[in-house]
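What follows is the content of entry.txt, which has compact mmCIF, C-alpha atoms:
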```
# COMPACT_ATOMS: atom_id res chain seq x y z
CA MET C 32 -18.11 -3.39 1.31
CA LEU C 33 -17.50 0.05 2.74
CA GLU C 34 -20.97 1.42 3.42
CA SER C 35 -19.97 4.80 4.85
CA ILE C 36 -17.13 6.98 6.06
CA VAL C 37 -17.29 10.25 8.01
CA LEU C 38 -14.23 12.51 8.21
CA HIS C 39 -13.44 15.20 10.78
CA ASP C 40 -10.39 17.44 10.32
CA PHE C 41 -8.73 15.15 7.81
CA ARG C 42 -6.63 16.93 5.15
CA CYS C 43 -8.84 19.61 3.53
CA PHE C 44 -12.08 18.32 5.08
CA ALA C 45 -13.45 19.94 8.23
CA GLN C 46 -16.31 17.45 8.10
CA ALA C 47 -17.57 15.27 5.26
CA GLY C 48 -19.47 12.05 4.74
CA PHE C 49 -19.39 9.56 1.88
CA HIS C 50 -21.69 6.59 1.30
CA PRO C 51 -20.24 4.69 -1.68
CA ALA C 52 -22.31 2.17 -3.61
CA ALA C 53 -21.47 -1.52 -3.59
CA GLY C 54 -20.14 -1.65 -7.16
CA LEU C 55 -18.50 1.02 -9.33
CA ASN C 56 -18.25 4.57 -7.93
CA LEU C 57 -17.02 7.43 -10.13
CA LEU C 58 -15.87 10.51 -8.20
CA SER C 59 -15.12 13.51 -10.42
CA ALA C 60 -14.10 17.00 -9.31
CA PRO C 61 -11.50 19.64 -10.16
CA ASN C 62 -7.94 19.29 -8.91
CA ALA C 63 -7.28 20.29 -5.28
CA SER C 64 -10.90 19.64 -4.30
CA GLY C 65 -10.20 16.63 -2.04
CA LYS C 66 -10.61 13.57 -4.29
CA SER C 67 -7.27 12.07 -3.31
CA SER C 68 -7.82 12.94 0.34
CA MET C 69 -11.10 11.02 0.39
CA LEU C 70 -9.45 7.87 -0.95
CA GLU C 71 -6.55 8.38 1.45
CA ALA C 72 -9.01 8.62 4.35
CA ILE C 73 -10.60 5.30 3.35
CA CYS C 74 -7.18 3.67 3.29
CA VAL C 75 -6.27 5.11 6.70
CA LEU C 76 -9.61 4.00 8.18
CA LEU C 77 -9.27 0.43 6.91
CA ARG C 78 -5.49 -0.13 7.03
CA LEU C 79 -4.24 2.55 9.49
CA GLN C 80 -1.66 3.84 7.05
CA SER C 81 -1.57 6.50 4.40
CA PRO C 82 -0.47 5.71 0.84
CA ARG C 83 0.61 9.36 0.46
CA ALA C 84 2.17 10.36 3.81
CA GLY C 85 4.96 9.00 5.93
CA SER C 86 3.02 9.54 9.17
CA LEU C 87 -0.59 10.09 10.20
CA GLY C 88 0.35 13.49 11.61
CA GLU C 89 0.78 14.78 8.06
CA THR C 90 -2.91 14.14 7.31
CA VAL C 91 -4.33 16.34 10.09
CA ARG C 92 -6.16 19.41 8.81
CA ARG C 93 -4.06 22.53 9.23
CA GLY C 94 -4.78 24.40 12.45
CA THR C 95 -6.41 21.44 14.23
CA ALA C 96 -5.09 19.05 16.86
CA GLY C 97 -6.08 15.76 15.22
CA PHE C 98 -8.50 13.89 12.99
CA SER C 99 -11.32 11.40 13.41
CA LEU C 100 -12.50 8.80 10.90
CA ARG C 101 -15.62 6.69 11.41
CA GLY C 102 -16.91 4.10 8.99
CA ARG C 103 -19.12 1.08 8.56
CA LEU C 104 -17.71 -1.97 6.79
CA GLY C 105 -20.40 -4.61 6.44
CA GLN C 106 -21.63 -5.25 9.99
CA ARG C 107 -18.58 -3.69 11.69
CA GLU C 108 -18.12 -0.09 12.78
CA LEU C 109 -14.54 1.18 12.72
CA VAL C 110 -13.28 4.38 14.33
CA CYS C 111 -9.78 5.81 14.12
CA HIS C 112 -8.83 8.91 16.13
CA TYR C 113 -5.42 10.56 15.88
CA SER C 114 -3.84 13.50 17.66
CA SER C 115 -0.26 14.57 18.13
CA ALA C 116 -0.76 14.55 21.90
CA GLU C 117 -2.37 11.11 22.29
CA GLY C 118 -1.33 9.30 19.12
CA ARG C 119 -3.72 6.80 17.55
CA ARG C 120 -6.87 5.46 19.24
CA LEU C 121 -8.96 2.69 17.70
CA VAL C 122 -12.53 1.61 18.39
CA LEU C 123 -14.20 -1.46 16.88
CA ASP C 124 -17.96 -1.86 17.40
CA ASP C 125 -17.85 0.61 20.34
CA VAL C 126 -15.03 -1.31 22.02
CA ALA C 127 -11.68 0.43 22.44
CA GLN C 128 -8.80 -1.58 20.98
CA ARG C 129 -5.46 -1.78 22.79
CA LYS C 130 -3.89 -3.46 19.76
CA SER C 131 -4.63 -3.16 16.06
CA ASP C 132 -4.80 -6.88 15.20
CA GLU C 133 -8.57 -7.42 15.43
CA TYR C 134 -9.25 -4.00 13.89
CA LEU C 135 -7.05 -4.72 10.86
CA ALA C 136 -8.62 -8.15 10.35
CA ASN C 137 -11.64 -6.47 8.74
CA GLY C 138 -10.79 -4.07 5.92
CA LEU C 139 -8.88 -4.98 2.75
CA VAL C 140 -7.60 -2.30 0.35
CA ALA C 141 -5.99 -2.06 -3.08
CA PHE C 142 -4.72 1.48 -3.76
CA PHE C 143 -3.70 2.75 -7.21
CA SER C 144 -2.13 6.18 -7.86
CA ASN C 145 0.02 7.99 -10.41
CA GLU C 146 2.97 7.73 -8.05
CA ASP C 147 2.86 3.95 -8.50
CA ILE C 148 5.16 4.36 -11.51
CA GLU C 149 7.92 4.57 -8.88
CA LEU C 150 7.38 0.85 -8.25
CA VAL C 151 9.18 0.36 -11.55
CA ARG C 152 11.39 3.46 -11.79
CA GLY C 153 12.07 4.23 -8.15
CA THR C 154 14.27 2.94 -5.35
CA SER C 155 13.95 -0.43 -3.67
CA SER C 156 12.12 1.16 -0.72
CA LYS C 157 9.04 1.60 -2.94
CA ARG C 158 8.97 -2.08 -3.82
CA ARG C 159 9.54 -3.14 -0.18
CA ARG C 160 6.60 -0.99 0.86
CA PHE C 161 4.53 -2.65 -1.87
CA LEU C 162 5.38 -6.09 -0.43
CA ASP C 163 4.76 -4.92 3.14
CA PHE C 164 1.29 -3.61 2.21
CA LEU C 165 0.57 -6.95 0.57
CA GLY C 166 2.07 -9.03 3.39
CA SER C 167 0.15 -7.17 6.08
CA GLN C 168 -3.14 -8.13 4.42
CA CYS C 169 -2.23 -11.68 3.39
CA ASP C 170 -0.25 -13.08 6.33
CA ALA C 171 -1.50 -12.94 9.92
CA GLY C 172 1.98 -12.71 11.43
CA TYR C 173 3.55 -10.30 8.99
CA LEU C 174 2.95 -7.00 10.79
CA LYS C 175 4.06 -8.41 14.14
CA HIS C 176 7.36 -9.61 12.64
CA LEU C 177 7.82 -6.38 10.67
CA ARG C 178 7.50 -4.32 13.85
CA ALA C 179 9.86 -6.67 15.72
CA TYR C 180 12.42 -6.40 12.93
CA GLU C 181 12.18 -2.60 12.83
CA ARG C 182 12.64 -2.36 16.63
CA ALA C 183 15.71 -4.60 16.55
CA LEU C 184 17.12 -2.74 13.55
CA ARG C 185 16.71 0.67 15.22
CA SER C 186 18.40 -0.53 18.39
CA ARG C 187 21.19 -2.22 16.49
CA ASN C 188 21.86 0.85 14.33
CA PHE C 189 21.90 3.06 17.42
CA LEU C 190 24.62 0.90 18.97
CA LEU C 191 26.61 0.85 15.72
CA LYS C 192 26.56 4.65 15.66
CA GLU C 193 27.79 4.70 19.25
CA GLY C 194 30.97 2.91 18.19
CA PRO C 195 32.83 -0.41 18.58
CA HIS C 196 32.77 -0.23 22.40
CA ARG C 197 29.08 -1.27 22.25
CA GLY C 198 29.87 -4.55 20.50
CA ARG C 199 28.73 -6.86 23.30
CA GLU C 200 25.36 -5.13 23.48
CA LEU C 201 25.06 -5.35 19.71
CA VAL C 202 25.01 -9.15 19.81
CA ALA C 203 21.88 -9.11 21.97
CA TYR C 204 19.86 -7.76 19.02
CA ASP C 205 21.17 -10.24 16.46
CA GLY C 206 18.78 -13.01 17.53
CA PRO C 207 15.54 -10.94 17.27
CA LEU C 208 16.75 -9.35 14.03
CA ILE C 209 17.54 -12.73 12.44
CA ALA C 210 14.30 -14.41 13.59
CA ALA C 211 12.01 -11.61 12.41
CA GLY C 212 14.10 -11.01 9.30
CA LYS C 213 13.89 -14.64 8.19
CA TYR C 214 10.11 -14.62 8.61
CA LEU C 215 9.73 -11.45 6.53
CA ALA C 216 12.07 -12.60 3.77
CA ASP C 217 10.40 -16.02 3.53
CA VAL C 218 6.92 -14.48 3.23
CA ARG C 219 8.14 -11.93 0.67
CA ALA C 220 9.68 -14.68 -1.43
CA VAL C 221 6.43 -16.67 -1.45
CA LEU C 222 4.33 -13.61 -2.26
CA SER C 223 6.66 -12.67 -5.12
CA ARG C 224 6.33 -16.16 -6.62
CA GLU C 225 2.54 -15.97 -6.35
CA LEU C 226 2.50 -12.49 -7.86
CA GLU C 227 4.50 -13.41 -10.97
CA PRO C 228 1.83 -15.33 -12.93
CA LEU C 229 -0.83 -12.79 -11.91
CA VAL C 230 1.32 -9.89 -13.14
CA ALA C 231 1.86 -11.73 -16.44
CA LYS C 232 -1.90 -12.24 -16.77
CA PHE C 233 -2.71 -8.58 -16.23
CA VAL C 234 0.05 -7.35 -18.55
CA ARG C 235 -1.57 -9.45 -21.29
CA GLN C 236 -4.98 -7.98 -20.44
CA ILE C 237 -3.86 -4.34 -20.41
CA SER C 238 -1.18 -4.21 -23.09
CA PRO C 239 -1.84 -4.92 -26.78
CA ARG C 240 1.66 -6.43 -26.97
CA GLY C 241 1.43 -8.63 -23.88
CA GLU C 242 5.15 -8.61 -23.02
CA ALA C 243 6.73 -11.48 -21.08
CA THR C 244 7.22 -10.54 -17.44
CA ALA C 245 9.35 -11.65 -14.49
CA VAL C 246 8.92 -10.78 -10.79
CA ARG C 247 11.76 -11.96 -8.56
CA HIS C 248 12.36 -11.30 -4.87
CA GLU C 249 15.99 -10.39 -4.13
CA ARG C 250 16.86 -11.28 -0.55
CA SER C 251 19.54 -9.08 1.02
CA GLY C 252 22.10 -11.29 2.74
CA GLY C 253 20.88 -14.52 1.17
CA VAL C 254 19.09 -17.33 2.98
CA ASP C 255 21.40 -17.29 6.04
CA LEU C 256 21.01 -13.84 7.59
CA GLY C 257 23.15 -14.77 10.59
CA ALA C 258 26.11 -15.66 8.37
CA ALA C 259 25.56 -12.52 6.31
CA LEU C 260 25.63 -10.35 9.44
CA ALA C 261 28.87 -11.94 10.57
CA ALA C 262 30.44 -11.51 7.14
CA SER C 263 29.44 -7.83 6.99
CA ALA C 264 30.77 -6.90 10.45
CA ALA C 265 33.70 -4.87 9.12
CA GLU C 266 31.44 -2.98 6.70
CA GLU C 267 28.97 -2.32 9.53
CA ARG C 268 31.70 -0.82 11.70
CA ARG C 269 32.85 1.38 8.83
CA LEU C 270 29.37 2.64 7.87
CA ARG C 271 27.93 2.40 11.41
CA GLN C 272 24.72 0.78 10.26
CA THR C 273 23.27 -2.66 9.50
CA VAL C 274 24.02 -3.32 5.84
CA VAL C 275 22.19 -6.61 5.18
CA GLY C 276 18.69 -7.82 5.94
CA PRO C 277 15.08 -7.36 4.79
CA HIS C 278 15.41 -3.55 5.02
CA ARG C 279 17.68 -3.90 1.96
CA ASP C 280 15.52 -6.41 0.03
CA ASP C 281 14.35 -5.62 -3.50
CA VAL C 282 12.08 -6.99 -6.24
CA ALA C 283 13.52 -7.40 -9.74
CA LEU C 284 10.98 -6.53 -12.48
CA GLU C 285 11.60 -7.54 -16.08
CA LEU C 286 9.80 -7.17 -19.40
CA ASP C 287 10.86 -9.42 -22.27
CA GLY C 288 13.97 -10.44 -20.34
CA ALA C 289 15.27 -6.90 -19.66
CA ALA C 290 15.10 -4.67 -16.58
CA ALA C 291 11.83 -2.75 -16.78
CA SER C 292 13.33 0.31 -15.04
CA THR C 293 15.97 0.73 -17.76
CA PHE C 294 14.74 -0.70 -21.04
CA ALA C 295 10.93 -0.39 -20.96
CA SER C 296 9.10 2.56 -22.52
CA GLU C 297 6.90 4.78 -20.35
CA GLY C 298 3.79 3.05 -21.68
CA GLN C 299 5.25 -0.36 -20.83
CA GLN C 300 6.25 0.83 -17.37
CA ARG C 301 2.74 2.12 -16.67
CA THR C 302 1.27 -1.16 -17.89
CA LEU C 303 3.58 -3.11 -15.57
CA THR C 304 2.70 -0.79 -12.69
CA LEU C 305 -1.02 -1.38 -13.18
CA ALA C 306 -0.44 -5.12 -13.50
CA LEU C 307 1.47 -5.12 -10.19
CA ARG C 308 -1.40 -3.39 -8.40
CA LEU C 309 -4.05 -5.60 -9.99
CA ALA C 310 -2.03 -8.69 -9.10
CA GLN C 311 -1.60 -7.44 -5.53
CA ALA C 312 -5.36 -6.94 -5.23
CA GLU C 313 -6.22 -10.36 -6.66
CA LEU C 314 -3.74 -12.08 -4.38
CA ILE C 315 -5.24 -10.32 -1.34
CA GLY C 316 -8.69 -11.48 -2.43
CA THR C 317 -7.51 -15.05 -3.01
CA ARG C 318 -5.70 -15.27 0.31
CA ARG C 319 -8.50 -13.67 2.33
CA GLY C 320 -11.53 -15.06 0.51
CA SER C 321 -13.07 -11.72 -0.50
CA PRO C 322 -11.91 -8.90 -2.77
CA PRO C 323 -10.44 -5.70 -1.33
CA VAL C 324 -11.93 -2.26 -1.84
CA TYR C 325 -10.34 -0.92 -5.04
CA LEU C 326 -9.26 2.73 -4.75
CA LEU C 327 -7.97 4.24 -8.02
CA ASP C 328 -6.75 7.79 -7.60
CA ASP C 329 -6.78 9.84 -10.81
CA ILE C 330 -4.64 7.41 -12.82
CA PHE C 331 -6.61 7.52 -16.07
CA GLY C 332 -5.19 10.79 -17.38
CA GLU C 333 -1.80 9.14 -17.92
CA LEU C 334 -3.24 6.26 -19.97
CA ASP C 335 -4.26 6.10 -23.61
CA THR C 336 -7.86 5.25 -24.45
CA GLU C 337 -7.19 1.56 -25.07
CA ARG C 338 -5.34 1.08 -21.76
CA ARG C 339 -8.14 2.89 -19.90
CA ARG C 340 -10.71 0.55 -21.39
CA ARG C 341 -8.61 -2.54 -20.66
CA LEU C 342 -7.93 -1.45 -17.07
CA LEU C 343 -11.63 -0.92 -16.34
CA ALA C 344 -12.39 -4.34 -17.80
CA ALA C 345 -9.71 -5.92 -15.57
CA LEU C 346 -11.34 -4.68 -12.35
CA PRO C 347 -13.48 -7.48 -10.90
CA ALA C 348 -17.19 -6.80 -11.21
CA ASP C 349 -17.93 -8.29 -7.77
CA SER C 350 -15.68 -5.79 -5.99
CA GLN C 351 -16.34 -2.30 -4.67
CA ARG C 352 -14.46 0.18 -6.89
CA ILE C 353 -14.01 3.88 -6.16
CA LEU C 354 -12.34 5.77 -9.01
CA THR C 355 -11.43 9.46 -9.15
CA THR C 356 -10.66 11.79 -12.05
CA THR C 357 -11.26 15.38 -13.12
CA THR C 358 -13.69 14.28 -15.85
CA TRP C 359 -15.38 11.14 -17.18
CA GLN C 360 -16.04 12.52 -20.67
CA TRP C 361 -13.74 9.89 -22.15
CA LEU C 362 -15.80 7.09 -20.60
CA GLU C 363 -18.32 5.89 -23.17
CA ASP C 364 -20.28 3.63 -20.86
CA GLY C 365 -20.12 3.75 -17.08
CA GLY C 366 -22.64 0.95 -16.79
CA GLU C 367 -24.46 0.96 -13.46
CA ALA C 368 -21.89 3.27 -11.87
CA ALA C 369 -22.76 5.64 -9.05
CA HIS C 370 -21.54 9.17 -9.86
CA TRP C 371 -20.24 11.56 -7.21
CA THR C 372 -18.68 15.01 -7.07
CA ILE C 373 -17.16 17.32 -4.45
CA ALA C 374 -18.50 20.82 -3.92
CA ASP C 375 -17.81 23.16 -0.98
CA GLY C 376 -16.02 20.39 0.89
CA ALA C 377 -18.94 17.94 0.66
CA ILE C 378 -19.45 14.73 -1.34
CA ARG C 379 -22.64 14.87 -3.40
CA ALA C 380 -24.33 12.60 -5.90
CA GLY C 381 -23.47 13.77 -9.42
CA ALA C 382 -24.85 13.34 -12.89
```
Would you encode the structure as structure tokens?
Amino acid sequence: MLESIVLHDFRCFAQAGFHPAAGLNLLSAPNASGKSSMLEAICVLLRLQSPRAGSLGETVRRGTAGFSLRGRLGQRELVCHYSSAEGRRLVLDDVAQRKSDEYLANGLVAFFSNEDIELVRGTSSKRRRFLDFLGSQCDAGYLKHLRAYERALRSRNFLLKEGPHRGRELVAYDGPLIAAGKYLADVRAVLSRELEPLVAKFVRQISPRGEATAVRHERSGGVDLGAALAASAAEERRLRQTVVGPHRDDVALELDGAAASTFASEGQQRTLTLALRLAQAELIGTRRGSPPVYLLDDIFGELDTERRRRLLAALPADSQRILTTTTWQWLEDGGEAAHWTIADGAIRAGA
């Protein structure tokens, strides 16, 4: 459980502290008050990546050089500093960390937002990022292989842009690209298979109709990436970029046998989106032996009353849940929830 987090110069917060309860936490405040930024800070502290920004530099408070996040997760103290001059610095239990592996072994996160609808409607990059966020928390080697693949891909694409005279150098990156790419694709395929029955379960829980679902990993280049690279050589020379591999993977999502992006209603798409996130969270908990921290960022306004009720019921009672919205007037019974609000840049206990 996240026991505390202290922010310095993160987004709109000059300084703020938050001490969430172990169970359900309801954070209500007007728009543009910092609700989303608080959940984003928790995600950055625990997973070192923002669900809203492409880089940590975008989260630094305007006019400042960097941010600092400090938190306590169970018996561990985590600190993440970032500045444009020095980059990222990590401290775990007062010990500076040269690598992020041991740091990331502690915090688990499931993040829900309104933008998640793009998992169904959007480009394949959204679904790859979904799998990467899952893989990084479920598989010990995933991040290492993802970084290796990205390095090889950048180098390879640089040489392709230089022109055909760099062909001999290009071959040197094929081995690392294929090895890391096969690892990533294999893990993604397994995770997709494990997700499918969980997504089906949560669609039945959230939707009155309970549509049949399918989740299928689509591997760019097939099972033999080396052969696919060789076969695409002419296309690579023409486009001057690597055209097959895990950076082109996708996940096919279907409802009642039809593509969810094309044939599903908005209500069905939102149900599928929630089911994907709930399935992701449950799979993280199953793989790691404890549930992640559930962060739900202002998603209830887009749901009808029945779906709101069903979603709340689907969140595991033994997990820490932090939910934000502008108002909880629609919530008939918050149970033993801890209520919070934001006023003058500070998190305060609310009624």
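Restricting the calculation to all atoms listed in the file, the smallest distance between C:Leu123 and any of C:Leu33, C:Gly153, C:Leu77, C:Thr358 is found for C:Leu77.
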| message | I'd like to know which of C:Cys43, C:Leu55, C:Ala259, C:Ile148 is closest to C:Glu333, using only C-alpha atoms. | response |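 That would be C:Ile148, the residue with the smallest distance to C:Glu333.
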Taking 2 positions as the minimum chain separation for residues in the same chain, which residues sit within 6 Å of C:Glu285 when counting only C-alpha atoms? Answer as a short mmCIF file (atom, residue, chain, number, x, y, z; two decimals) with C-alpha atoms, in the coordinates of the input.
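Saved file around-v5.cif follows:
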```
data_model
loop_
_atom_site.label_atom_id
_atom_site.label_comp_id
_atom_site.auth_asym_id
_atom_site.auth_seq_id
_atom_site.Cartn_x
_atom_site.Cartn_y
_atom_site.Cartn_z
CA THR C 244 7.22 -10.54 -17.44
CA ALA C 245 9.35 -11.65 -14.49
CA GLY C 288 13.97 -10.44 -20.34
CA ALA C 289 15.27 -6.90 -19.66
CA ALA C 290 15.10 -4.67 -16.58
CA ALA C 291 11.83 -2.75 -16.78
#
```
So that I can see what lies close to stretch 309-317 of chain C, please list as a PDB file with C-alpha atoms, in the frame of the given file the residues with an atom at most 10 Å from it, counting only C-alpha atoms and leaving out residues fewer than 4 positions away in the same chain.
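Output saved as selection.pdb:
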```
ATOM      1  CA  LEU C 139      -8.880  -4.980   2.750  1.00  0.00           C
ATOM      2  CA  VAL C 140      -7.600  -2.300   0.350  1.00  0.00           C
ATOM      3  CA  ALA C 141      -5.990  -2.060  -3.080  1.00  0.00           C
ATOM      4  CA  PHE C 142      -4.720   1.480  -3.760  1.00  0.00           C
ATOM      5  CA  PHE C 143      -3.700   2.750  -7.210  1.00  0.00           C
ATOM      6  CA  PHE C 161       4.530  -2.650  -1.870  1.00  0.00           C
ATOM      7  CA  LEU C 162       5.380  -6.090  -0.430  1.00  0.00           C
ATOM      8  CA  PHE C 164       1.290  -3.610   2.210  1.00  0.00           C
ATOM      9  CA  LEU C 165       0.570  -6.950   0.570  1.00  0.00           C
ATOM     10  CA  GLY C 166       2.070  -9.030   3.390  1.00  0.00           C
ATOM     11  CA  SER C 167       0.150  -7.170   6.080  1.00  0.00           C
ATOM     12  CA  GLN C 168      -3.140  -8.130   4.420  1.00  0.00           C
ATOM     13  CA  CYS C 169      -2.230 -11.680   3.390  1.00  0.00           C
ATOM     14  CA  ASP C 170      -0.250 -13.080   6.330  1.00  0.00           C
ATOM     15  CA  LEU C 222       4.330 -13.610  -2.260  1.00  0.00           C
ATOM     16  CA  SER C 223       6.660 -12.670  -5.120  1.00  0.00           C
ATOM     17  CA  GLU C 225       2.540 -15.970  -6.350  1.00  0.00           C
ATOM     18  CA  LEU C 226       2.500 -12.490  -7.860  1.00  0.00           C
ATOM     19  CA  GLU C 227       4.500 -13.410 -10.970  1.00  0.00           C
ATOM     20  CA  PRO C 228       1.830 -15.330 -12.930  1.00  0.00           C
ATOM     21  CA  LEU C 229      -0.830 -12.790 -11.910  1.00  0.00           C
ATOM     22  CA  VAL C 230       1.320  -9.890 -13.140  1.00  0.00           C
ATOM     23  CA  ALA C 231       1.860 -11.730 -16.440  1.00  0.00           C
ATOM     24  CA  LYS C 232      -1.900 -12.240 -16.770  1.00  0.00           C
ATOM     25  CA  PHE C 233      -2.710  -8.580 -16.230  1.00  0.00           C
ATOM     26  CA  VAL C 234       0.050  -7.350 -18.550  1.00  0.00           C
ATOM     27  CA  LEU C 303       3.580  -3.110 -15.570  1.00  0.00           C
ATOM     28  CA  THR C 304       2.700  -0.790 -12.690  1.00  0.00           C
ATOM     29  CA  LEU C 305      -1.020  -1.380 -13.180  1.00  0.00           C
ATOM     30  CA  SER C 321     -13.070 -11.720  -0.500  1.00  0.00           C
ATOM     31  CA  PRO C 322     -11.910  -8.900  -2.770  1.00  0.00           C
ATOM     32  CA  PRO C 323     -10.440  -5.700  -1.330  1.00  0.00           C
ATOM     33  CA  VAL C 324     -11.930  -2.260  -1.840  1.00  0.00           C
ATOM     34  CA  TYR C 325     -10.340  -0.920  -5.040  1.00  0.00           C
ATOM     35  CA  LEU C 342      -7.930  -1.450 -17.070  1.00  0.00           C
ATOM     36  CA  ALA C 345      -9.710  -5.920 -15.570  1.00  0.00           C
ATOM     37  CA  LEU C 346     -11.340  -4.680 -12.350  1.00  0.00           C
ATOM     38  CA  PRO C 347     -13.480  -7.480 -10.900  1.00  0.00           C
ATOM     39  CA  SER C 350     -15.680  -5.790  -5.990  1.00  0.00           C
TER      40      SER C 350
END
```
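Taking atom CA of C:Gln299 and atom CA of C:Leu70 as the two end points, the separation is 26.1 Å.
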With a distance cut-off of 12 Å and only C-alpha atoms, select the neighbouring residues of C:Ile353, excluding the residue or stretch itself and same-chain residues fewer than 2 positions from it, and output the selection as a PDB file with C-alpha atoms, keeping the file's coordinate frame.
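What ended up in around-v6.pdb:
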```pdb
ATOM      1  CA  MET C  32     -18.110  -3.390   1.310  1.00  0.00           C
ATOM      2  CA  LEU C  33     -17.500   0.050   2.740  1.00  0.00           C
ATOM      3  CA  PHE C  49     -19.390   9.560   1.880  1.00  0.00           C
ATOM      4  CA  HIS C  50     -21.690   6.590   1.300  1.00  0.00           C
ATOM      5  CA  PRO C  51     -20.240   4.690  -1.680  1.00  0.00           C
ATOM      6  CA  ALA C  52     -22.310   2.170  -3.610  1.00  0.00           C
ATOM      7  CA  ALA C  53     -21.470  -1.520  -3.590  1.00  0.00           C
ATOM      8  CA  GLY C  54     -20.140  -1.650  -7.160  1.00  0.00           C
ATOM      9  CA  LEU C  55     -18.500   1.020  -9.330  1.00  0.00           C
ATOM     10  CA  ASN C  56     -18.250   4.570  -7.930  1.00  0.00           C
ATOM     11  CA  LEU C  57     -17.020   7.430 -10.130  1.00  0.00           C
ATOM     12  CA  LEU C  58     -15.870  10.510  -8.200  1.00  0.00           C
ATOM     13  CA  SER C  59     -15.120  13.510 -10.420  1.00  0.00           C
ATOM     14  CA  LYS C  66     -10.610  13.570  -4.290  1.00  0.00           C
ATOM     15  CA  SER C  67      -7.270  12.070  -3.310  1.00  0.00           C
ATOM     16  CA  MET C  69     -11.100  11.020   0.390  1.00  0.00           C
ATOM     17  CA  LEU C  70      -9.450   7.870  -0.950  1.00  0.00           C
ATOM     18  CA  GLU C  71      -6.550   8.380   1.450  1.00  0.00           C
ATOM     19  CA  ILE C  73     -10.600   5.300   3.350  1.00  0.00           C
ATOM     20  CA  CYS C  74      -7.180   3.670   3.290  1.00  0.00           C
ATOM     21  CA  VAL C 140      -7.600  -2.300   0.350  1.00  0.00           C
ATOM     22  CA  ALA C 141      -5.990  -2.060  -3.080  1.00  0.00           C
ATOM     23  CA  PHE C 142      -4.720   1.480  -3.760  1.00  0.00           C
ATOM     24  CA  PHE C 143      -3.700   2.750  -7.210  1.00  0.00           C
ATOM     25  CA  PRO C 323     -10.440  -5.700  -1.330  1.00  0.00           C
ATOM     26  CA  VAL C 324     -11.930  -2.260  -1.840  1.00  0.00           C
ATOM     27  CA  TYR C 325     -10.340  -0.920  -5.040  1.00  0.00           C
ATOM     28  CA  LEU C 326      -9.260   2.730  -4.750  1.00  0.00           C
ATOM     29  CA  LEU C 327      -7.970   4.240  -8.020  1.00  0.00           C
ATOM     30  CA  ASP C 328      -6.750   7.790  -7.600  1.00  0.00           C
ATOM     31  CA  ASP C 329      -6.780   9.840 -10.810  1.00  0.00           C
ATOM     32  CA  LEU C 343     -11.630  -0.920 -16.340  1.00  0.00           C
ATOM     33  CA  LEU C 346     -11.340  -4.680 -12.350  1.00  0.00           C
ATOM     34  CA  SER C 350     -15.680  -5.790  -5.990  1.00  0.00           C
ATOM     35  CA  GLN C 351     -16.340  -2.300  -4.670  1.00  0.00           C
ATOM     36  CA  THR C 355     -11.430   9.460  -9.150  1.00  0.00           C
ATOM     37  CA  THR C 356     -10.660  11.790 -12.050  1.00  0.00           C
ATOM     38  CA  ALA C 368     -21.890   3.270 -11.870  1.00  0.00           C
ATOM     39  CA  ALA C 369     -22.760   5.640  -9.050  1.00  0.00           C
ATOM     40  CA  HIS C 370     -21.540   9.170  -9.860  1.00  0.00           C
ATOM     41  CA  TRP C 371     -20.240  11.560  -7.210  1.00  0.00           C
TER      42      TRP C 371
END
```
| note | re atom CA of C:Ser99 and atom CA of C:Ser86: distance 15.1 Å
| said: Restricting the calculation to only C-alpha atoms: of C:Arg187, C:Gly332, C:Glu249, C:Leu260, which residue gets closest to C:Arg158? | reply: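 So, comparing all the options, the nearest one is C:Glu249.
Distance-wise, atom CA of C:Ser131 and atom CA of C:Glu89 end up 20.4 Å apart.
Distances here use only C-alpha atoms; by that measure, the residue among C:Tyr173, C:Phe98, C:Tyr134, C:Phe189 closest to C:Arg219 is C:Tyr173.
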| Which one of C:Lys157, C:Leu362, C:Lys130, C:Gly97 sits closest to C:Arg83 if you count only C-alpha atoms? |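 Among C:Lys157, C:Leu362, C:Lys130, C:Gly97, it is C:Lys157 that comes nearest to C:Arg83.
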| request: Would you mind telling me which residue in C:Asp163, C:Glu267, C:Glu337, C:Asp281 lies nearest to C:Leu191 when using only C-alpha atoms? | output: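 Comparing C:Asp163, C:Glu267, C:Glu337, C:Asp281 against C:Leu191, the winner is C:Glu267.
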Would you tabulate, counting all atoms listed in the file, all residues of stretch 144-193 of chain C that have an atom at most 7 Å from an atom of stretch 205-215 of chain C, showing the closest pair of atoms and their distance in Å to one decimal, sorted by chain then ascending number, as a Markdown table?
```
| residue | atom | partner | partner_atom | distance |
| --- | --- | --- | --- | --- |
| C:Tyr173 | CA | C:Leu215 | CA | 6.8 |
| C:His176 | CA | C:Ala211 | CA | 5.1 |
| C:Leu177 | CA | C:Leu215 | CA | 6.8 |
| C:Ala179 | CA | C:Ala211 | CA | 6.3 |
| C:Tyr180 | CA | C:Ala211 | CA | 5.3 |
| C:Ala183 | CA | C:Leu208 | CA | 5.5 |
| C:Leu184 | CA | C:Leu208 | CA | 6.6 |
```
